[in-house]
$ cat work24.tsv   # TSV, C-alpha atoms
chain	number	residue	atom	x	y	z
A	1	MET	CA	0.00	0.00	0.00
A	2	LYS	CA	1.07	3.58	-0.73
A	3	ARG	CA	0.28	6.51	1.55
A	4	CYS	CA	-0.12	10.12	0.39
A	5	PRO	CA	2.49	12.26	2.22
A	6	TYR	CA	0.01	15.18	2.43
A	7	CYS	CA	-3.40	13.84	3.43
A	8	GLY	CA	-2.45	10.34	4.63
A	9	ALA	CA	-4.87	8.51	2.32
A	10	GLU	CA	-3.86	4.97	1.35
A	11	TYR	CA	-3.78	3.67	-2.21
A	12	PRO	CA	-2.81	0.42	-3.95
A	13	ASP	CA	0.80	-0.09	-4.98
A	14	ASP	CA	0.03	0.68	-8.64
A	15	ALA	CA	-1.50	4.12	-7.89
A	16	VAL	CA	0.53	7.12	-9.03
A	17	VAL	CA	-1.35	10.29	-7.92
A	18	CYS	CA	-3.49	11.07	-4.87
A	19	ALA	CA	-7.10	11.57	-5.96
A	20	ALA	CA	-7.73	14.20	-3.27
A	21	ASP	CA	-4.63	16.40	-3.46
A	22	GLN	CA	-3.35	15.54	-6.94
A	23	GLN	CA	0.09	14.97	-5.47
A	24	PRO	CA	2.47	12.20	-6.63
A	25	LEU	CA	2.59	9.17	-4.41
A	26	PRO	CA	6.04	8.02	-3.24
A	27	ASP	CA	7.52	4.98	-4.93
A	28	ILE	CA	7.99	1.92	-2.78
A	29	ALA	CA	11.15	-0.08	-3.25
A	30	PRO	CA	10.50	-3.49	-1.63
A	31	LEU	CA	13.33	-5.65	-0.43
A	32	PRO	CA	14.42	-8.35	-2.87
A	33	PRO	CA	12.86	-11.72	-2.07
A	34	LEU	CA	14.94	-14.10	-0.07
A	35	SER	CA	15.93	-17.01	-2.28
A	36	THR	CA	15.65	-20.49	-0.91
A	37	ASP	CA	19.36	-21.21	-1.42
A	38	LYS	CA	20.49	-18.37	0.86
A	39	THR	CA	20.99	-18.65	4.53
A	40	ALA	CA	19.95	-16.12	7.15
A	41	LYS	CA	23.52	-14.85	7.23
A	42	ASP	CA	23.39	-14.15	3.47
A	43	ALA	CA	20.11	-12.25	3.92
A	44	VAL	CA	21.68	-10.00	6.51
A	45	THR	CA	24.60	-9.34	4.13
A	46	ASP	CA	22.20	-8.42	1.30
A	47	ALA	CA	20.34	-6.00	3.56
A	48	ALA	CA	23.61	-4.35	4.53
A	49	VAL	CA	24.40	-3.37	0.95
A	50	LEU	CA	21.02	-1.66	0.41
A	51	PRO	CA	21.07	2.16	0.39
A	52	GLN	CA	21.18	3.44	3.93
A	53	PRO	CA	20.09	6.85	5.22
A	54	GLN	CA	22.91	9.35	5.29
A	55	THR	CA	24.39	10.09	8.64
A	56	GLY	CA	23.49	13.43	10.08
A	57	THR	CA	19.90	13.33	8.78
A	58	THR	CA	17.86	15.50	11.11
A	59	VAL	CA	14.19	15.56	12.05
A	60	GLU	CA	13.76	18.73	10.00
A	61	SER	CA	14.98	17.03	6.83
A	62	SER	CA	12.60	14.13	7.43
A	63	THR	CA	9.74	16.58	7.87
A	64	HIS	CA	10.73	18.32	4.65
A	65	LEU	CA	10.60	14.99	2.84
A	66	MET	CA	7.10	14.38	4.18
A	67	PHE	CA	5.81	17.78	3.07
A	68	PRO	CA	8.01	19.01	0.19
A	69	ASP	CA	7.60	22.72	-0.59
A	70	TYR	CA	4.71	22.85	1.90
A	71	ARG	CA	2.10	22.25	-0.77
A	72	TRP	CA	-1.49	22.40	0.41
A	73	SER	CA	-4.91	21.90	-1.13
A	74	ALA	CA	-8.26	23.66	-0.76
A	75	ARG	CA	-9.30	20.98	1.70
A	76	ASP	CA	-6.69	22.25	4.13
A	77	ALA	CA	-8.10	25.79	3.75
A	78	TRP	CA	-11.71	24.65	4.35
A	79	LYS	CA	-10.71	22.80	7.51
A	80	CYS	CA	-8.80	25.82	8.80
A	81	MET	CA	-11.68	28.21	8.10
A	82	GLY	CA	-14.14	25.91	9.83
A	83	MET	CA	-11.90	25.61	12.87
A	84	ILE	CA	-11.45	29.41	13.04
A	85	VAL	CA	-15.22	29.94	12.94
A	86	LEU	CA	-15.86	27.29	15.60
A	87	VAL	CA	-13.14	28.35	18.02
A	88	GLY	CA	-13.96	32.02	17.46
A	89	PHE	CA	-17.55	31.34	18.47
A	90	LEU	CA	-16.45	29.51	21.61
A	91	VAL	CA	-14.03	32.30	22.61
A	92	SER	CA	-16.69	34.98	22.01
A	93	THR	CA	-19.16	33.01	24.13
A	94	ALA	CA	-16.64	32.70	26.95
A	95	ILE	CA	-15.86	36.44	26.83
A	96	PHE	CA	-19.57	37.28	26.86
A	97	ALA	CA	-20.09	35.09	29.94
A	98	LEU	CA	-17.18	36.73	31.75
A	99	ARG	CA	-18.48	40.21	30.94
A	100	LEU	CA	-21.93	39.24	32.18
A	101	HIS	CA	-20.84	37.82	35.54
A	102	PHE	CA	-17.68	39.77	36.38
A	103	HIS	CA	-17.89	43.55	36.45
A	104	GLY	CA	-14.13	43.87	36.87
A	105	PHE	CA	-13.49	41.88	33.71
A	106	ARG	CA	-15.82	44.17	31.78
A	107	ASN	CA	-13.91	47.25	32.96
A	108	TRP	CA	-10.54	45.66	32.19
A	109	GLN	CA	-11.65	44.66	28.70
A	110	ALA	CA	-12.57	48.26	27.93
A	111	SER	CA	-9.04	49.40	28.81
A	112	GLY	CA	-6.13	49.56	26.43
A	113	SER	CA	-4.42	46.50	27.88
A	114	GLY	CA	-7.67	44.56	27.82
A	115	TYR	CA	-8.38	45.42	24.21
A	116	PHE	CA	-4.84	44.55	23.13
A	117	SER	CA	-4.92	41.24	25.06
A	118	ARG	CA	-8.30	40.26	23.61
A	119	SER	CA	-7.05	41.01	20.08
A	120	LEU	CA	-3.86	39.03	20.70
A	121	VAL	CA	-5.84	35.98	21.88
A	122	HIS	CA	-8.14	36.27	18.86
A	123	TYR	CA	-5.29	36.32	16.37
A	124	ALA	CA	-3.28	33.68	18.22
A	125	VAL	CA	-6.18	31.22	18.03
A	126	GLU	CA	-6.44	31.75	14.28
A	127	LEU	CA	-2.68	31.42	13.86
A	128	PHE	CA	-2.56	28.13	15.78
A	129	ALA	CA	-5.36	26.78	13.59
A	130	ALA	CA	-3.44	27.76	10.45
A	131	ALA	CA	-0.20	26.24	11.77
A	132	TYR	CA	-2.01	23.00	12.64
A	133	PHE	CA	-3.61	22.51	9.24
A	134	ALA	CA	-0.41	23.63	7.51
A	135	ARG	CA	1.22	20.59	9.16
A	136	THR	CA	4.20	22.59	10.40
A	137	GLU	CA	5.71	21.26	13.59
A	138	THR	CA	7.84	24.24	14.67
A	139	PHE	CA	7.59	28.01	14.54
A	140	ALA	CA	10.59	28.15	12.21
A	141	SER	CA	9.02	25.70	9.75
A	142	PHE	CA	5.78	27.70	9.77
A	143	CYS	CA	7.71	30.89	8.99
A	144	THR	CA	9.41	29.09	6.11
A	145	ALA	CA	6.13	27.68	4.82
A	146	VAL	CA	4.30	31.03	4.68
A	147	GLY	CA	7.27	33.12	3.50
A	148	LEU	CA	8.17	35.00	6.66
A	149	ASP	CA	11.82	33.97	6.46
A	150	ARG	CA	12.45	35.91	3.24
A	151	LYS	CA	13.33	39.57	2.82
A	152	PRO	CA	10.84	41.97	1.18
A	153	SER	CA	11.13	42.29	-2.57
A	154	ASN	CA	10.85	45.39	-4.75
A	155	LEU	CA	7.12	44.71	-5.01
A	156	ALA	CA	6.74	45.99	-1.44
A	157	TRP	CA	7.05	49.56	-2.75
A	158	PHE	CA	4.35	48.91	-5.30
A	159	GLY	CA	2.12	47.57	-2.53
A	160	VAL	CA	2.68	50.63	-0.35
A	161	VAL	CA	1.93	53.09	-3.17
A	162	ALA	CA	-1.17	51.16	-4.24
A	163	ALA	CA	-2.45	50.93	-0.64
A	164	LEU	CA	-2.00	54.67	-0.07
A	165	ALA	CA	-3.69	55.48	-3.39
A	166	LEU	CA	-6.59	53.25	-2.42
A	167	ARG	CA	-6.90	55.01	0.94
A	168	VAL	CA	-6.85	58.47	-0.71
A	169	LEU	CA	-9.52	57.41	-3.18
A	170	GLY	CA	-11.75	56.15	-0.38
A	171	HIS	CA	-11.20	59.35	1.60
A	172	PHE	CA	-12.11	61.38	-1.49
A	173	VAL	CA	-15.45	59.56	-1.67
A	174	LEU	CA	-16.12	60.17	2.03
A	175	ILE	CA	-15.38	63.90	2.07
A	176	HIS	CA	-17.79	64.41	-0.85
A	177	GLY	CA	-20.52	62.58	1.01
A	178	TRP	CA	-21.00	59.84	-1.58
A	179	SER	CA	-20.85	57.16	1.10
A	180	LYS	CA	-20.77	57.04	4.87
A	181	GLY	CA	-17.62	55.93	6.60
A	182	VAL	CA	-16.90	53.40	9.31
A	183	ARG	CA	-16.23	54.53	12.87
A	184	ASP	CA	-13.25	52.36	13.83
A	185	TYR	CA	-13.23	51.39	17.49
A	186	ASP	CA	-9.44	51.52	17.61
A	187	ILE	CA	-9.32	55.19	16.60
A	188	LEU	CA	-12.29	56.25	18.75
A	189	ALA	CA	-10.88	54.51	21.83
A	190	PHE	CA	-7.45	56.06	21.24
A	191	GLN	CA	-8.95	59.54	20.97
A	192	SER	CA	-11.06	59.19	24.13
A	193	ALA	CA	-8.36	57.53	26.29
A	194	SER	CA	-5.49	59.26	28.05
A	195	GLY	CA	-2.01	58.32	29.22
A	196	PRO	CA	0.47	55.88	27.70
A	197	GLU	CA	-2.09	53.07	27.76
A	198	ARG	CA	-4.06	54.73	24.97
A	199	TYR	CA	-1.43	53.63	22.48
A	200	LEU	CA	-2.33	50.00	23.17
A	201	PHE	CA	-5.56	50.61	21.24
A	202	LEU	CA	-3.45	51.16	18.13
A	203	GLY	CA	-1.38	47.99	18.58
A	204	PRO	CA	-3.89	45.61	16.93
A	205	LEU	CA	-4.43	48.00	14.01
A	206	LEU	CA	-0.78	48.72	13.25
A	207	LEU	CA	0.97	45.54	14.38
A	208	LEU	CA	-1.23	42.53	15.11
A	209	ALA	CA	-3.57	42.74	12.12
A	210	PRO	CA	-0.84	43.06	9.47
A	211	LEU	CA	1.33	40.32	10.96
A	212	PHE	CA	-1.31	37.78	11.89
A	213	GLU	CA	-3.87	38.31	9.12
A	214	GLU	CA	-1.26	38.17	6.39
A	215	SER	CA	0.32	35.04	7.86
A	216	ILE	CA	-3.09	33.34	7.99
A	217	TYR	CA	-4.95	34.77	4.98
A	218	ARG	CA	-2.19	35.14	2.41
A	219	GLY	CA	0.50	32.94	3.93
A	220	PHE	CA	-1.63	29.83	4.34
A	221	LEU	CA	-5.27	30.13	3.20
A	222	TYR	CA	-4.55	31.72	-0.17
A	223	LYS	CA	-1.70	29.32	-0.93
A	224	ALA	CA	-3.88	26.36	0.06
A	225	LEU	CA	-6.68	27.51	-2.24
A	226	ARG	CA	-4.18	28.04	-5.07
A	227	GLY	CA	-3.23	24.40	-4.69
A	228	SER	CA	-6.67	23.46	-6.03
A	229	PHE	CA	-8.17	26.49	-7.80
A	230	SER	CA	-7.24	29.09	-10.38
A	231	LEU	CA	-5.94	32.56	-9.55
A	232	VAL	CA	-9.31	34.28	-9.98
A	233	ILE	CA	-11.28	31.74	-7.94
A	234	SER	CA	-8.69	31.76	-5.15
A	235	MET	CA	-8.76	35.56	-4.95
A	236	ALA	CA	-12.57	35.59	-4.95
A	237	LEU	CA	-12.69	33.10	-2.09
A	238	ILE	CA	-10.22	35.14	-0.03
A	239	VAL	CA	-12.29	38.28	-0.68
A	240	ALA	CA	-15.37	36.39	0.56
A	241	TRP	CA	-13.47	35.31	3.67
A	242	THR	CA	-12.35	38.91	4.24
A	243	ALA	CA	-15.97	40.05	3.96
A	244	TYR	CA	-16.95	37.48	6.61
A	245	SER	CA	-14.15	38.44	9.01
A	246	HIS	CA	-14.70	42.20	8.46
A	247	TRP	CA	-18.48	42.17	8.18
A	248	SER	CA	-18.84	45.08	10.60
A	249	GLN	CA	-17.24	47.26	7.92
A	250	TYR	CA	-18.69	45.59	4.83
A	251	SER	CA	-22.25	45.93	6.15
A	252	VAL	CA	-21.99	49.64	6.96
A	253	SER	CA	-20.18	51.34	4.08
A	254	TRP	CA	-19.92	50.36	0.41
A	255	VAL	CA	-16.70	52.33	0.01
A	256	ALA	CA	-15.16	50.48	2.96
A	257	ALA	CA	-16.23	47.18	1.39
A	258	LEU	CA	-14.73	48.25	-1.94
A	259	ASP	CA	-11.46	49.39	-0.36
A	260	LEU	CA	-11.03	46.17	1.61
A	261	SER	CA	-11.90	44.00	-1.39
A	262	VAL	CA	-9.45	45.77	-3.69
A	263	LEU	CA	-6.79	45.69	-0.96
A	264	THR	CA	-7.35	41.95	-0.57
A	265	ILE	CA	-6.89	41.41	-4.31
A	266	LEU	CA	-3.75	43.55	-4.21
A	267	GLN	CA	-2.29	41.51	-1.38
A	268	CYS	CA	-3.11	38.24	-3.13
A	269	TYR	CA	-1.34	39.59	-6.22
A	270	LEU	CA	1.73	40.40	-4.12
A	271	ARG	CA	1.67	36.91	-2.62
A	272	GLU	CA	1.35	35.40	-6.08
A	273	LYS	CA	4.33	37.30	-7.47
A	274	SER	CA	6.66	37.25	-4.45
A	275	ASP	CA	8.05	34.50	-2.25
A	276	SER	CA	8.21	36.93	0.67
A	277	LEU	CA	5.13	37.50	2.82
A	278	TRP	CA	6.65	40.77	4.05
A	279	ASP	CA	5.47	42.49	0.87
A	280	CYS	CA	1.88	41.84	1.96
A	281	ILE	CA	2.59	42.79	5.58
A	282	ILE	CA	4.20	46.13	4.66
A	283	CYS	CA	1.30	46.90	2.30
A	284	HIS	CA	-1.18	46.13	5.10
A	285	MET	CA	0.73	48.31	7.57
A	286	ALA	CA	0.75	51.23	5.12
A	287	PHE	CA	-3.01	50.95	4.57
A	288	ASN	CA	-3.83	50.80	8.29
A	289	GLY	CA	-1.27	53.46	9.21
A	290	SER	CA	-2.74	55.89	6.71
A	291	LEU	CA	-6.07	55.58	8.51
A	292	ILE	CA	-4.52	57.08	11.65
A	293	PHE	CA	-3.04	59.95	9.64
A	294	LEU	CA	-6.38	60.78	8.02
A	295	ALA	CA	-8.26	60.49	11.31
A	296	PHE	CA	-6.30	63.39	12.82
A	297	HIS	CA	-6.41	65.68	9.79

$ encode --input "work24.tsv" --output "structure tokens"
Amino acid sequence: MKRCPYCGAEYPDDAVVCAADQQPLPDIAPLPPLSTDKTAKDAVTDAAVLPQPQTGTTVESSTHLMFPDYRWSARDAWKCMGMIVLVGFLVSTAIFALRLHFHGFRNWQASGSGYFSRSLVHYAVELFAAAYFARTETFASFCTAVGLDRKPSNLAWFGVVAALALRVLGHFVLIHGWSKGVRDYDILAFQSASGPERYLFLGPLLLLAPLFEESIYRGFLYKALRGSFSLVISMALIVAWTAYSHWSQYSVSWVAALDLSVLTILQCYLREKSDSLWDCIICHMAFNGSLIFLAFH
């Protein structure tokens, strides 16, 4: 029997490609049959001359052989999305129960440290789900799989310019009253708070969202969808997922929905053309950072 190194499905010895992931199945080289005229000592000698693993082979190299190039399929993306939705619901339910029964927790959650901690837990849960379904066993292997271990390319500048142009276009629509804007909680809380803690309200917007969302959405989900679908379909599915995860903005303002959708397509394009995820992260940071600049002018 052959086993697919990606999904674990078993196939007969004559199978060549996995029906689920369309990945080649590893060849099996059985030991030569033991002839009747050979003794047990001869069999041991024959086994000794077979190719042996090279000395110094590490666990990491074995893992790389199991999952070469970290190729995923859409099935991995569907599982990850389902897990994110399920765990997100459970976490939201737990937070609601704590707010309902503990007045101190409700006050702490409204503070800068509480908001930052809640956002960090939210993104960490999604990241762990992505790392699990990406089948990466260490933090370093996950960084390699999603492209965090590579330096930004020249496309990062294109992403920054395009993100800023998109923000200016959306602001132009808002100041002419053609669409209503979205009142971001991060900005409102920062403006109403005082002291150094107020800057913690900006942490999720400027730091956590670009790092975590790009690692999950573009680093894993988009690449997994591209393993099964075309460029256009993969981008459309990521835009739909962005609409789900940012529904509070999509449901309020059409210009916000348009900006986020175009930004998502832009980031998918950067991920398609570059091996470095930092192009997408820098683009995301520029888009979110420009929101703070416009909010105070």

$ closest_atom_pairs --input "work24.tsv" --of "range 74-155 of chain A" --to "range 186-198 of chain A" --cutoff "12 Å" --atoms "only C-alpha atoms" --output "CSV"
residue,atom,partner,partner_atom,distance
A:Ala110,CA,A:Ala189,CA,8.9
A:Ser111,CA,A:Glu197,CA,7.9
A:Gly112,CA,A:Glu197,CA,5.5
A:Ser113,CA,A:Glu197,CA,7.0
A:Gly114,CA,A:Glu197,CA,10.2
A:Tyr115,CA,A:Asp186,CA,9.0
A:Phe116,CA,A:Asp186,CA,10.0
A:Ser119,CA,A:Asp186,CA,11.1

$ closest_residue --input "work24.tsv" --among "A:Leu120, A:Leu237, A:Ala163, A:Cys18" --to "Leu260 in chain A" --atoms "all atoms listed in the file"
A:Ala163

$ closest_residue --input "work24.tsv" --among "A:Leu266, A:Val160, A:Leu174, A:Ala256" --to "Gly289 in chain A" --atoms "all atoms listed in the file"
A:Val160

$ closest_residue --input "work24.tsv" --among "A:His122, A:His101, A:Arg135, A:Arg106" --to "Cys80 in chain A" --atoms "all atoms listed in the file"
A:Arg135

$ atom_distance --input "work24.tsv" --atom1 "CA of Leu231 in chain A" --atom2 "CA of Gly88 in chain A"
28.2 Å

$ residues_near_point --input "work24.tsv" --point "(-5.0, 53.7, 2.5)" --cutoff "6 Å" --atoms "all atoms listed in the file" --output "PyMOL selection string"
chain A and resi 163-164+166-167+287+290

$ atom_distance --input "work24.tsv" --atom1 "CA of Arg3 in chain A" --atom2 "CA of Tyr132 in chain A"
20.0 Å

$ closest_residue --input "work24.tsv" --among "A:Met81, A:Val87, A:Leu277, A:Ala97" --to "Leu155 in chain A" --atoms "all atoms listed in the file"
A:Leu277

$ closest_residue --input "work24.tsv" --among "A:Val252, A:Ala131, A:Leu207, A:Phe172" --to "Asp76 in chain A" --atoms "only C-alpha atoms"
A:Ala131

$ atom_distance --input "work24.tsv" --atom1 "CA of Thr136 in chain A" --atom2 "CA of Asp275 in chain A"
17.8 Å

$ closest_residue --input "work24.tsv" --among "A:Phe293, A:Phe133, A:Trp178, A:Tyr70" --to "Ser253 in chain A" --atoms "only C-alpha atoms"
A:Trp178

$ axis_aligned_box --input "work24.tsv" --around "range 83-97 of chain A" --padding-each-side "6 Å" --output "AutoDock Vina command-line options"
--center_x -15.8 --center_y 31.4 --center_z 21.4 --size_x 20.6 --size_y 23.7 --size_z 29.1

$ residues_near_point --input "work24.tsv" --point "(-5.5, 21.5, -0.2)" --cutoff "12 Å" --atoms "all atoms listed in the file" --output "VMD selection string"
chain A and resid 6 to 7 18 to 23 70 to 80 133 to 135 220 to 229 234
